[in-house]
file structure35.tsv (TSV, C-alpha atoms)
chain	number	residue	atom	x	y	z
A	1	MET	CA	11.28	30.41	1.88
A	2	THR	CA	11.38	30.54	-1.88
A	3	ASP	CA	8.73	32.56	-3.65
A	4	SER	CA	7.98	32.37	-7.30
A	5	THR	CA	8.54	35.84	-8.73
A	6	SER	CA	4.96	36.14	-9.94
A	7	PRO	CA	2.02	33.76	-10.09
A	8	SER	CA	1.71	34.17	-13.85
A	9	ALA	CA	5.25	32.95	-14.49
A	10	PRO	CA	5.90	29.86	-12.36
A	11	SER	CA	9.53	29.20	-11.54
A	12	GLU	CA	11.47	26.23	-12.85
A	13	LEU	CA	11.27	24.77	-9.34
A	14	GLU	CA	7.49	25.10	-9.24
A	15	ARG	CA	7.13	23.45	-12.65
A	16	GLY	CA	9.33	20.58	-11.41
A	17	TYR	CA	7.16	20.12	-8.32
A	18	ARG	CA	4.01	20.26	-10.45
A	19	ARG	CA	5.30	17.46	-12.67
A	20	LEU	CA	5.86	15.30	-9.58
A	21	VAL	CA	2.48	16.13	-8.03
A	22	ALA	CA	0.91	15.12	-11.37
A	23	CYS	CA	1.68	11.49	-10.36
A	24	TYR	CA	-1.05	11.69	-7.67
A	25	PRO	CA	-4.62	10.50	-8.35
A	26	ARG	CA	-6.84	13.19	-9.85
A	27	SER	CA	-9.29	13.09	-6.94
A	28	PHE	CA	-6.44	13.96	-4.57
A	29	ARG	CA	-4.99	16.67	-6.84
A	30	LYS	CA	-8.33	18.37	-7.30
A	31	ASP	CA	-8.52	18.94	-3.58
A	32	ASN	CA	-4.88	19.31	-2.56
A	33	GLU	CA	-2.56	20.21	-5.45
A	34	GLU	CA	-2.25	23.95	-4.74
A	35	GLU	CA	-1.75	23.33	-1.06
A	36	VAL	CA	0.94	20.67	-1.57
A	37	LEU	CA	2.75	23.09	-3.89
A	38	THR	CA	2.57	25.81	-1.25
A	39	VAL	CA	4.24	23.50	1.26
A	40	LEU	CA	6.85	22.26	-1.24
A	41	LEU	CA	7.82	25.82	-2.17
A	42	ALA	CA	7.83	26.85	1.49
A	43	THR	CA	10.19	24.01	2.47
A	44	ALA	CA	12.51	24.46	-0.53
A	45	ARG	CA	16.02	25.68	0.18
A	46	ASP	CA	16.90	29.26	-0.76
A	47	GLY	CA	17.94	29.40	-4.38
A	48	GLN	CA	16.85	25.82	-5.06
A	49	ARG	CA	16.32	25.42	-8.81
A	50	ARG	CA	14.74	21.98	-9.08
A	51	PRO	CA	13.22	19.27	-6.83
A	52	SER	CA	15.85	17.25	-4.98
A	53	LEU	CA	16.13	13.50	-5.40
A	54	ALA	CA	14.82	12.94	-1.85
A	55	GLU	CA	11.80	15.17	-2.49
A	56	ALA	CA	11.06	13.38	-5.75
A	57	ALA	CA	11.33	9.97	-4.05
A	58	ASP	CA	9.04	11.08	-1.22
A	59	LEU	CA	6.40	12.45	-3.59
A	60	ILE	CA	6.47	9.39	-5.85
A	61	ARG	CA	6.23	7.08	-2.85
A	62	GLY	CA	3.17	8.96	-1.61
A	63	ALA	CA	1.61	8.85	-5.09
A	64	VAL	CA	2.18	5.10	-5.38
A	65	ARG	CA	0.64	4.51	-1.95
A	66	MET	CA	-2.42	6.52	-2.89
A	67	ARG	CA	-2.79	4.92	-6.30
A	68	MET	CA	-2.54	1.46	-4.78
A	69	GLY	CA	-5.37	2.54	-2.50
A	70	LEU	CA	-3.18	2.08	0.55
A	71	SER	CA	-3.39	5.51	2.11
A	72	ARG	CA	-7.00	5.50	3.29
A	73	SER	CA	-7.72	1.90	4.11
A	74	PRO	CA	-7.66	0.44	7.63
A	75	ARG	CA	-4.74	-1.79	8.58
A	76	THR	CA	-6.72	-4.98	7.90
A	77	VAL	CA	-7.56	-3.98	4.30
A	78	LEU	CA	-3.99	-2.72	3.84
A	79	ASN	CA	-2.62	-6.15	4.80
A	80	ALA	CA	-5.20	-7.91	2.61
A	81	VAL	CA	-4.07	-5.77	-0.35
A	82	ARG	CA	-0.43	-6.60	0.38
A	83	LEU	CA	-1.30	-10.30	0.47
A	84	MET	CA	-3.06	-9.99	-2.88
A	85	TYR	CA	0.04	-8.42	-4.42
A	86	LEU	CA	2.00	-11.31	-2.90
A	87	GLY	CA	-0.48	-13.73	-4.50
A	88	ALA	CA	0.15	-12.09	-7.88
A	89	ALA	CA	3.90	-12.47	-7.31
A	90	VAL	CA	3.55	-16.18	-6.45
A	91	GLU	CA	1.42	-16.79	-9.55
A	92	LEU	CA	3.94	-14.88	-11.67
A	93	GLY	CA	6.70	-17.05	-10.21
A	94	VAL	CA	4.79	-20.18	-11.20
A	95	LEU	CA	4.26	-18.80	-14.72
A	96	ILE	CA	7.97	-18.08	-15.12
A	97	THR	CA	8.83	-21.56	-13.81
A	98	VAL	CA	6.42	-23.17	-16.29
A	99	ILE	CA	7.92	-21.21	-19.19
A	100	LEU	CA	11.52	-21.93	-18.16
A	101	THR	CA	10.95	-25.66	-17.59
A	102	ALA	CA	8.64	-26.37	-20.56
A	103	GLY	CA	11.54	-27.53	-22.75
A	104	THR	CA	12.95	-29.80	-20.07
A	105	VAL	CA	9.55	-31.37	-19.40
A	106	ARG	CA	8.99	-32.05	-23.12
A	107	ALA	CA	12.46	-33.57	-23.47
A	108	ALA	CA	11.91	-35.79	-20.41
A	109	VAL	CA	8.58	-37.05	-21.75
A	110	ARG	CA	10.11	-37.70	-25.15
A	111	ALA	CA	13.04	-39.59	-23.59
A	112	ALA	CA	10.71	-41.67	-21.42
A	113	VAL	CA	8.34	-42.83	-24.14
A	114	VAL	CA	10.18	-42.56	-27.46
A	115	HIS	CA	11.65	-46.07	-27.40
A	116	ARG	CA	8.15	-47.52	-27.08
A	117	ASP	CA	5.25	-47.16	-29.44
A	118	PRO	CA	5.66	-43.87	-31.40
A	119	ALA	CA	1.89	-43.37	-31.25
A	120	VAL	CA	1.98	-43.45	-27.44
A	121	ALA	CA	4.86	-40.97	-27.46
A	122	ALA	CA	2.90	-38.62	-29.70
A	123	ARG	CA	-0.16	-38.81	-27.42
A	124	ALA	CA	1.90	-38.24	-24.28
A	125	LEU	CA	3.57	-35.20	-25.83
A	126	GLU	CA	0.22	-33.85	-26.94
A	127	ALA	CA	-1.16	-34.21	-23.40
A	128	VAL	CA	1.86	-32.31	-22.05
A	129	ASN	CA	1.43	-29.60	-24.67
A	130	ILE	CA	-2.25	-29.16	-23.81
A	131	ASP	CA	-1.34	-28.84	-20.12
A	132	LEU	CA	1.31	-26.23	-20.92
A	133	ALA	CA	-1.05	-24.29	-23.16
A	134	ALA	CA	-3.67	-24.30	-20.38
A	135	ASP	CA	-1.08	-23.01	-17.89
A	136	LEU	CA	0.03	-20.27	-20.27
A	137	ALA	CA	-3.59	-19.14	-20.67
A	138	VAL	CA	-4.68	-19.40	-17.03
A	139	LEU	CA	-1.61	-18.17	-15.13
A	140	PRO	CA	-1.35	-14.69	-16.73
A	141	ALA	CA	-5.12	-14.29	-16.15
A	142	ALA	CA	-4.59	-15.28	-12.52
A	143	VAL	CA	-1.81	-12.68	-12.13
A	144	VAL	CA	-4.08	-9.99	-13.60
A	145	LEU	CA	-6.97	-11.11	-11.36
A	146	TRP	CA	-4.83	-10.90	-8.20
A	147	LEU	CA	-3.58	-7.42	-9.18
A	148	TRP	CA	-7.06	-6.25	-10.00
A	149	MET	CA	-8.45	-7.59	-6.70
A	150	ALA	CA	-5.66	-5.82	-4.81
A	151	TRP	CA	-6.47	-2.55	-6.55
A	152	ALA	CA	-10.25	-2.80	-6.20
A	153	ASN	CA	-10.22	-3.97	-2.58
A	154	GLY	CA	-7.69	-1.26	-1.69
A	155	ARG	CA	-10.20	1.27	-2.99
A	156	GLY	CA	-12.95	-0.28	-0.91
A	157	HIS	CA	-15.20	-1.54	-3.70
A	158	ASP	CA	-17.68	-3.81	-1.98
A	159	TRP	CA	-18.14	-6.07	-5.02
A	160	ALA	CA	-14.35	-6.64	-5.10
A	161	ARG	CA	-14.77	-8.65	-1.91
A	162	LEU	CA	-17.42	-10.77	-3.56
A	163	VAL	CA	-15.20	-11.33	-6.60
A	164	ALA	CA	-12.42	-12.39	-4.22
A	165	VAL	CA	-14.68	-14.93	-2.53
A	166	SER	CA	-15.95	-16.31	-5.85
A	167	ALA	CA	-12.43	-16.59	-7.28
A	168	PHE	CA	-11.33	-18.31	-4.08
A	169	ALA	CA	-14.21	-20.82	-4.28
A	170	LEU	CA	-13.35	-21.64	-7.91
A	171	TYR	CA	-9.68	-21.96	-7.03
A	172	THR	CA	-10.50	-24.31	-4.15
A	173	MET	CA	-12.62	-26.52	-6.43
A	174	GLY	CA	-9.89	-26.59	-9.08
A	175	MET	CA	-7.35	-27.61	-6.46
A	176	MET	CA	-9.62	-30.37	-5.15
A	177	ALA	CA	-10.03	-31.69	-8.71
A	178	ASP	CA	-6.24	-31.70	-9.21
A	179	LEU	CA	-5.73	-33.54	-5.93
A	180	ALA	CA	-8.45	-36.06	-6.83
A	181	ARG	CA	-6.53	-36.82	-10.03
A	182	GLY	CA	-3.47	-37.57	-7.90
A	183	ALA	CA	-1.58	-34.36	-8.60
A	184	ALA	CA	0.26	-34.69	-5.28
A	185	ALA	CA	2.02	-37.75	-6.67
A	186	TYR	CA	2.94	-36.61	-10.18
A	187	ALA	CA	3.28	-32.81	-9.66
A	188	PRO	CA	4.24	-32.13	-6.02
A	189	ALA	CA	5.82	-28.74	-6.82
A	190	ALA	CA	2.64	-27.52	-8.52
A	191	VAL	CA	0.55	-28.67	-5.54
A	192	ILE	CA	2.85	-26.84	-3.11
A	193	ALA	CA	2.70	-23.64	-5.20
A	194	SER	CA	-1.09	-23.72	-5.43
A	195	SER	CA	-1.38	-24.45	-1.70
A	196	VAL	CA	0.70	-21.34	-0.99
A	197	ALA	CA	-1.52	-19.23	-3.29
A	198	TRP	CA	-4.60	-20.79	-1.68
A	199	ALA	CA	-3.41	-19.96	1.85
A	200	ILE	CA	-2.64	-16.37	0.77
A	201	GLY	CA	-6.14	-16.11	-0.69
A	202	LEU	CA	-7.73	-17.47	2.48
A	203	ALA	CA	-5.83	-15.01	4.69
A	204	ALA	CA	-6.70	-12.07	2.40
A	205	ILE	CA	-10.40	-12.98	2.45
A	206	ALA	CA	-10.38	-13.35	6.24
A	207	LEU	CA	-8.90	-9.82	6.44
A	208	VAL	CA	-11.35	-8.11	4.06
A	209	PHE	CA	-14.29	-9.69	5.86
A	210	CYS	CA	-13.10	-9.12	9.42
A	211	LYS	CA	-14.92	-6.65	11.68
A	212	GLN	CA	-12.47	-3.76	11.24
A	213	SER	CA	-12.80	-3.84	7.44
A	214	TRP	CA	-16.59	-3.49	7.23
A	215	PRO	CA	-16.86	0.24	7.98
A	216	TYR	CA	-14.33	1.02	5.23
A	217	TYR	CA	-16.29	-0.83	2.54
A	218	ALA	CA	-19.55	0.63	3.85
A	219	ARG	CA	-18.19	4.18	3.83
A	220	ARG	CA	-16.82	3.85	0.31
A	221	ALA	CA	-20.18	2.57	-0.85
A	222	ALA	CA	-21.93	5.51	0.82
A	223	THR	CA	-19.68	8.18	-0.73
A	224	ARG	CA	-20.39	6.95	-4.24
B	225	MET	CA	0.14	4.41	15.50
B	226	GLN	CA	3.21	5.45	13.53
B	227	GLU	CA	5.47	8.10	14.96
B	228	ALA	CA	4.79	10.56	12.14
B	229	THR	CA	1.03	10.21	12.73
B	230	PHE	CA	1.49	10.67	16.47
B	231	LEU	CA	3.56	13.82	15.95
B	232	ILE	CA	1.10	15.29	13.41
B	233	LEU	CA	-1.79	14.80	15.84
B	234	THR	CA	0.33	16.27	18.64
B	235	ALA	CA	1.09	19.32	16.48
B	236	LEU	CA	-2.65	19.84	15.97
B	237	ALA	CA	-3.51	19.32	19.66
B	238	ARG	CA	-2.70	22.97	20.49
B	239	GLY	CA	-4.88	24.39	17.72
B	240	SER	CA	-5.39	24.35	13.97
B	241	GLN	CA	-2.35	24.60	11.71
B	242	HIS	CA	-1.60	24.63	8.00
B	243	GLY	CA	0.71	22.15	6.25
B	244	TYR	CA	3.93	24.10	6.60
B	245	GLY	CA	3.05	24.91	10.22
B	246	ILE	CA	2.67	21.20	10.97
B	247	ILE	CA	6.07	20.43	9.44
B	248	SER	CA	7.83	23.10	11.53
B	249	ASP	CA	5.94	22.11	14.67
B	250	VAL	CA	6.75	18.41	14.25
B	251	ALA	CA	10.43	19.31	13.81
B	252	GLU	CA	10.26	21.35	17.03
B	253	ILE	CA	8.39	18.70	19.05
B	254	SER	CA	10.85	15.99	17.99
B	255	GLY	CA	13.93	18.14	18.58
B	256	SER	CA	14.61	18.35	14.79
B	257	ARG	CA	14.78	14.56	14.59
B	258	VAL	CA	11.67	14.17	12.42
B	259	ARG	CA	11.48	16.37	9.34
B	260	LEU	CA	8.33	15.51	7.43
B	261	ARG	CA	8.41	15.85	3.69
B	262	ALA	CA	5.39	17.06	1.74
B	263	GLY	CA	4.58	13.64	0.24
B	264	THR	CA	4.67	11.92	3.63
B	265	LEU	CA	2.67	14.72	5.27
B	266	TYR	CA	-0.13	14.74	2.72
B	267	THR	CA	-0.41	10.95	2.54
B	268	ALA	CA	-0.79	10.99	6.34
B	269	LEU	CA	-3.25	13.94	6.34
B	270	ASP	CA	-5.33	12.26	3.64
B	271	ARG	CA	-5.53	9.11	5.72
B	272	LEU	CA	-6.24	10.93	8.99
B	273	ARG	CA	-9.07	12.84	7.32
B	274	ALA	CA	-10.53	9.61	5.94
B	275	ASP	CA	-10.34	8.08	9.43
B	276	GLY	CA	-12.10	11.12	10.91
B	277	LEU	CA	-9.21	12.01	13.25
B	278	ILE	CA	-8.64	15.45	11.71
B	279	ASP	CA	-10.73	17.84	9.67
B	280	VAL	CA	-10.26	20.97	7.59
B	281	ASP	CA	-10.68	24.01	9.83
B	282	ARG	CA	-10.51	26.84	7.26
B	283	GLU	CA	-8.73	27.99	4.13
B	284	GLU	CA	-6.86	31.22	3.50
B	285	VAL	CA	-5.06	32.67	0.53
B	286	VAL	CA	-1.74	34.25	1.46
B	287	ASP	CA	0.52	35.69	-1.29
B	288	ASN	CA	-1.66	34.02	-3.93
B	289	ARG	CA	-1.04	30.67	-2.26
B	290	LEU	CA	-3.68	28.43	-0.71
B	291	ARG	CA	-3.30	27.66	2.96
B	292	ARG	CA	-5.55	25.04	4.45
B	293	TYR	CA	-5.76	24.76	8.21
B	294	TYR	CA	-6.39	21.41	9.84
B	295	ARG	CA	-7.75	20.71	13.30
B	296	LEU	CA	-8.07	17.70	15.56
B	297	THR	CA	-11.57	16.15	15.76
B	298	PRO	CA	-12.90	14.93	19.16
B	299	GLU	CA	-12.18	11.37	17.98
B	300	GLY	CA	-8.65	12.43	17.00
B	301	GLY	CA	-8.16	13.90	20.48
B	302	ARG	CA	-9.31	10.66	22.10
B	303	ARG	CA	-7.01	8.54	19.94
B	304	LEU	CA	-4.03	10.79	20.62
B	305	ALA	CA	-4.72	10.69	24.38
B	306	ALA	CA	-4.97	6.89	24.31
B	307	GLU	CA	-1.73	6.57	22.35
B	308	ALA	CA	0.09	9.05	24.61
B	309	ALA	CA	-1.08	7.09	27.68
B	310	ARG	CA	0.18	3.87	26.13
B	311	LEU	CA	3.59	5.37	25.34
B	312	GLN	CA	3.81	6.86	28.81
B	313	ALA	CA	2.98	3.53	30.46
B	314	ASN	CA	5.68	1.80	28.39
B	315	ALA	CA	8.22	4.51	29.20
B	316	SER	CA	7.42	4.40	32.94
B	317	ALA	CA	7.82	0.63	32.96
B	318	ALA	CA	11.19	0.96	31.24
B	319	PHE	CA	12.40	3.66	33.66
B	320	SER	CA	11.26	1.84	36.78
B	321	ARG	CA	13.01	-1.36	35.74
B	322	LEU	CA	16.19	0.45	34.75
B	323	ASN	CA	16.20	2.26	38.10
B	324	ALA	CA	15.68	-0.98	40.00
B	325	ARG	CA	18.81	-2.50	38.46
B	326	PRO	CA	22.06	-2.39	40.38
B	327	ALA	CA	24.28	0.30	38.88
B	328	LEU	CA	25.66	-1.26	35.70
B	329	GLY	CA	26.63	2.02	34.18
B	330	GLY	CA	22.91	2.88	34.48
B	331	ILE	CA	21.26	5.46	32.28
call {"tool": "encode", "arguments": {"input": "structure35.tsv", "output": "structure tokens"}}
result
Amino acid sequence: MTDSTSPSAPSELERGYRRLVACYPRSFRKDNEEEVLTVLLATARDGQRRPSLAEAADLIRGAVRMRMGLSRSPRTVLNAVRLMYLGAAVELGVLITVILTAGTVRAAVRAAVVHRDPAVAARALEAVNIDLAADLAVLPAAVVLWLWMAWANGRGHDWARLVAVSAFALYTMGMMADLARGAAAYAPAAVIASSVAWAIGLAAIALVFCKQSWPYYARRAATR
Amino acid sequence: MQEATFLILTALARGSQHGYGIISDVAEISGSRVRLRAGTLYTALDRLRADGLIDVDREEVVDNRLRRYYRLTPEGGRRLAAEAARLQANASAAFSRLNARPALGGI
């Protein structure tokens, strides 16, 4: 048991713990900060001067879980939130692939059409550039949207579920349009990537709308 | 139910306890195998309160430090009983099958 010498002059150890507890959401700190400090100081080793690495890791892990909205949600919402983070990761992977392969794609188009009519070559390159520009605008927005949906659904915002459904409907229509243009033939990798993201979205929506998730969204709406 | 959650509820089954009390009790119940850290404990308590399995019993100030006591709710008691029954059924099944085996070093 380590006691600070007097409440007016907190020890170095207490200040260290306070800095770590500051990572937690304000709503949690308001209610629990003093108590968490009591427990931290009570479990500290005799003569301990600063928080140990293991204590710091444990506190930061708890803070991240709470900030991601993962500590209070039922298992179904928790898994939906995880899937949404996965969706963001997939979309980010696609974005990185597009950026890394842009040069190769341009070179391939140039090589394929340059020995024909230069006007055709210019038009083909322009079409590719417009496609790339569209990807560079849409993909980062998609990553942000996935992350935001994960955060908002984790916190039980009811409208976040509706945003998820609307985004999913738009995504489905966009994918249909791509397939109708024959994307499966000329861009199989892109179709596979968007199918993966689509399936992740479908599973996440099924989870946030399943029976076990309803009370969580209802309760969060009632406490606001 | 995760083991830490199970042990926290078990610690509260005898009566209300404060945070440090729960940590010591969980260590005792688990034969010093599980030593909860403050971050883990309070993430779990926060969740259990949100799920209505535990509640705040009372608060005291000891040596200028806040102590909050938690207690099991009736729903928490039911969930703990159900989980304990499940674990016991699994354990009995394991023991009965191990005992039925011809001695292969046994247990």
call {"tool": "closest_atom_pairs", "arguments": {"input": "structure35.tsv", "of": "chain B", "to": "chain A", "cutoff": "7 Å", "atoms": "all atoms listed in the file", "output": "tab-separated table"}}
result
residue	atom	partner	partner_atom	distance
B:Gly243	CA	A:Val39	CA	6.3
B:Tyr244	CA	A:Val39	CA	5.4
B:Arg261	CA	A:Asp58	CA	6.9
B:Ala262	CA	A:Leu40	CA	6.2
B:Gly263	CA	A:Leu59	CA	4.4
B:Thr264	CA	A:Gly62	CA	6.2
B:Thr267	CA	A:Gly62	CA	5.8
B:Asp270	CA	A:Arg72	CA	7.0
B:Arg271	CA	A:Arg72	CA	4.6
B:Ala274	CA	A:Arg72	CA	6.0
B:Arg289	CA	A:Thr38	CA	6.1
B:Leu290	CA	A:Glu35	CA	5.5
B:Arg291	CA	A:Glu35	CA	6.1
B:Arg292	CA	A:Glu35	CA	6.9
call {"tool": "atom_distance", "arguments": {"input": "structure35.tsv", "atom1": "atom CA of Asp178 of chain A", "atom2": "atom CA of Met149 of chain A"}}
result
24.3 Å
call {"tool": "closest_residue", "arguments": {"input": "structure35.tsv", "among": "A:Val128, A:Val81, A:Val90, A:Val98", "to": "Arg110 of chain A", "atoms": "all atoms listed in the file"}}
result
A:Val128
call {"tool": "atom_distance", "arguments": {"input": "structure35.tsv", "atom1": "atom CA of Thr172 of chain A", "atom2": "atom CA of Trp198 of chain A"}}
result
7.3 Å
call {"tool": "residues_near_point", "arguments": {"input": "structure35.tsv", "point": "(1.4, 18.8, 14.4)", "cutoff": "10 Å", "atoms": "only C-alpha atoms", "output": "list in words"}}
result
Ala228, Thr229, Phe230, Leu231, Ile232, Leu233, Thr234, Ala235, Leu236, Ala237, Arg238, Gly239, Ser240, Gln241, His242, Gly243, Tyr244, Gly245, Ile246, Ile247, Ser248, Asp249, Val250, Ala251, Glu252, Ile253, Tyr294, Arg295 and Leu296 of chain B
call {"tool": "axis_aligned_box", "arguments": {"input": "structure35.tsv", "around": "segment 88-103 of chain A", "padding_each_side": "8 Å", "output": "JSON"}}
result
{"center_x": 5.8, "center_y": -19.8, "center_z": -14.6, "size_x": 27.4, "size_y": 31.4, "size_z": 32.3}
call {"tool": "atom_distance", "arguments": {"input": "structure35.tsv", "atom1": "atom CA of Tyr186 of chain A", "atom2": "atom CA of Thr101 of chain A"}}
result
15.5 Å
call {"tool": "residues_around", "arguments": {"input": "structure35.tsv", "residues": "Val143 of chain A", "least_positions_apart": "5", "cutoff": "7 Å", "atoms": "all atoms listed in the file", "output": "PyMOL selection string"}}
result
chain A and resi 88+91-92
call {"tool": "residues_around", "arguments": {"input": "structure35.tsv", "residues": "Arg49 of chain A", "least_positions_apart": "5", "cutoff": "9 Å", "atoms": "all atoms listed in the file", "output": "ChimeraX atom specification"}}
result
/A:11-14,16
call {"tool": "write_last_selection", "arguments": {"input": "structure35.tsv", "atoms": "C-alpha atoms", "output": "PDB file, in the coordinates of the input"}}
result
ATOM      1  CA  SER A  11       9.530  29.200 -11.540  1.00  0.00           C
ATOM      2  CA  GLU A  12      11.470  26.230 -12.850  1.00  0.00           C
ATOM      3  CA  LEU A  13      11.270  24.770  -9.340  1.00  0.00           C
ATOM      4  CA  GLU A  14       7.490  25.100  -9.240  1.00  0.00           C
ATOM      5  CA  GLY A  16       9.330  20.580 -11.410  1.00  0.00           C
TER       6      GLY A  16
END
call {"tool": "residues_near_point", "arguments": {"input": "structure35.tsv", "point": "(-17.3, -1.6, -2.5)", "cutoff": "10 Å", "atoms": "all atoms listed in the file", "output": "ChimeraX atom specification"}}
result
/A:152-162,214,216-222,224
call {"tool": "decode", "arguments": {"input": "structure35.tsv", "residues": "segment 301-321 of chain B", "atoms": "N, CA and C atoms", "output": "JSON list (two decimals), in the first residue's frame"}}
result
[["chain", "number", "residue", "atom", "x", "y", "z"],
["B", 301, "GLY", "N", -27.04, -11.93, -10.28],
["B", 301, "GLY", "CA", -27.04, -13.20, -9.55],
["B", 301, "GLY", "C", -27.52, -14.33, -10.44],
["B", 302, "ARG", "N", -28.59, -14.06, -11.20],
["B", 302, "ARG", "CA", -29.13, -15.09, -12.10],
["B", 302, "ARG", "C", -28.11, -15.48, -13.16],
["B", 303, "ARG", "N", -27.47, -14.47, -13.74],
["B", 303, "ARG", "CA", -26.50, -14.75, -14.81],
["B", 303, "ARG", "C", -25.31, -15.54, -14.28],
["B", 304, "LEU", "N", -24.85, -15.16, -13.07],
["B", 304, "LEU", "CA", -23.72, -15.87, -12.48],
["B", 304, "LEU", "C", -24.10, -17.32, -12.20],
["B", 305, "ALA", "N", -25.32, -17.53, -11.66],
["B", 305, "ALA", "CA", -25.78, -18.90, -11.37],
["B", 305, "ALA", "C", -25.84, -19.72, -12.65],
["B", 306, "ALA", "N", -26.36, -19.12, -13.72],
["B", 306, "ALA", "CA", -26.49, -19.84, -14.99],
["B", 306, "ALA", "C", -25.11, -20.21, -15.52],
["B", 307, "GLU", "N", -24.17, -19.27, -15.43],
["B", 307, "GLU", "CA", -22.83, -19.52, -15.94],
["B", 307, "GLU", "C", -22.12, -20.59, -15.10],
["B", 308, "ALA", "N", -22.30, -20.50, -13.77],
["B", 308, "ALA", "CA", -21.68, -21.50, -12.88],
["B", 308, "ALA", "C", -22.22, -22.89, -13.19],
["B", 309, "ALA", "N", -23.54, -22.98, -13.43],
["B", 309, "ALA", "CA", -24.16, -24.27, -13.74],
["B", 309, "ALA", "C", -23.59, -24.83, -15.04],
["B", 310, "ARG", "N", -23.40, -23.93, -16.01],
["B", 310, "ARG", "CA", -22.86, -24.36, -17.30],
["B", 310, "ARG", "C", -21.44, -24.91, -17.15],
["B", 311, "LEU", "N", -20.62, -24.16, -16.38],
["B", 311, "LEU", "CA", -19.23, -24.60, -16.16],
["B", 311, "LEU", "C", -19.20, -25.92, -15.41],
["B", 312, "GLN", "N", -20.11, -26.04, -14.42],
["B", 312, "GLN", "CA", -20.14, -27.27, -13.64],
["B", 312, "GLN", "C", -20.53, -28.46, -14.51],
["B", 313, "ALA", "N", -21.53, -28.26, -15.38],
["B", 313, "ALA", "CA", -21.97, -29.35, -16.26],
["B", 313, "ALA", "C", -20.82, -29.79, -17.16],
["B", 314, "ASN", "N", -20.09, -28.79, -17.71],
["B", 314, "ASN", "CA", -18.95, -29.12, -18.58],
["B", 314, "ASN", "C", -17.89, -29.89, -17.80],
["B", 315, "ALA", "N", -17.60, -29.42, -16.58],
["B", 315, "ALA", "CA", -16.56, -30.05, -15.77],
["B", 315, "ALA", "C", -16.96, -31.48, -15.41],
["B", 316, "SER", "N", -18.26, -31.67, -15.03],
["B", 316, "SER", "CA", -18.71, -33.02, -14.67],
["B", 316, "SER", "C", -18.58, -33.96, -15.86],
["B", 317, "ALA", "N", -18.96, -33.45, -17.04],
["B", 317, "ALA", "CA", -18.86, -34.29, -18.24],
["B", 317, "ALA", "C", -17.41, -34.70, -18.46],
["B", 318, "ALA", "N", -16.50, -33.74, -18.29],
["B", 318, "ALA", "CA", -15.08, -34.05, -18.50],
["B", 318, "ALA", "C", -14.60, -35.10, -17.51],
["B", 319, "PHE", "N", -14.97, -34.91, -16.21],
["B", 319, "PHE", "CA", -14.52, -35.86, -15.18],
["B", 319, "PHE", "C", -15.08, -37.24, -15.42],
["B", 320, "SER", "N", -16.38, -37.32, -15.76],
["B", 320, "SER", "CA", -16.99, -38.64, -15.90],
["B", 320, "SER", "C", -16.36, -39.38, -17.07],
["B", 321, "ARG", "N", -16.03, -38.68, -18.13],
["B", 321, "ARG", "CA", -15.41, -39.36, -19.28],
["B", 321, "ARG", "C", -13.98, -39.77, -18.98]]
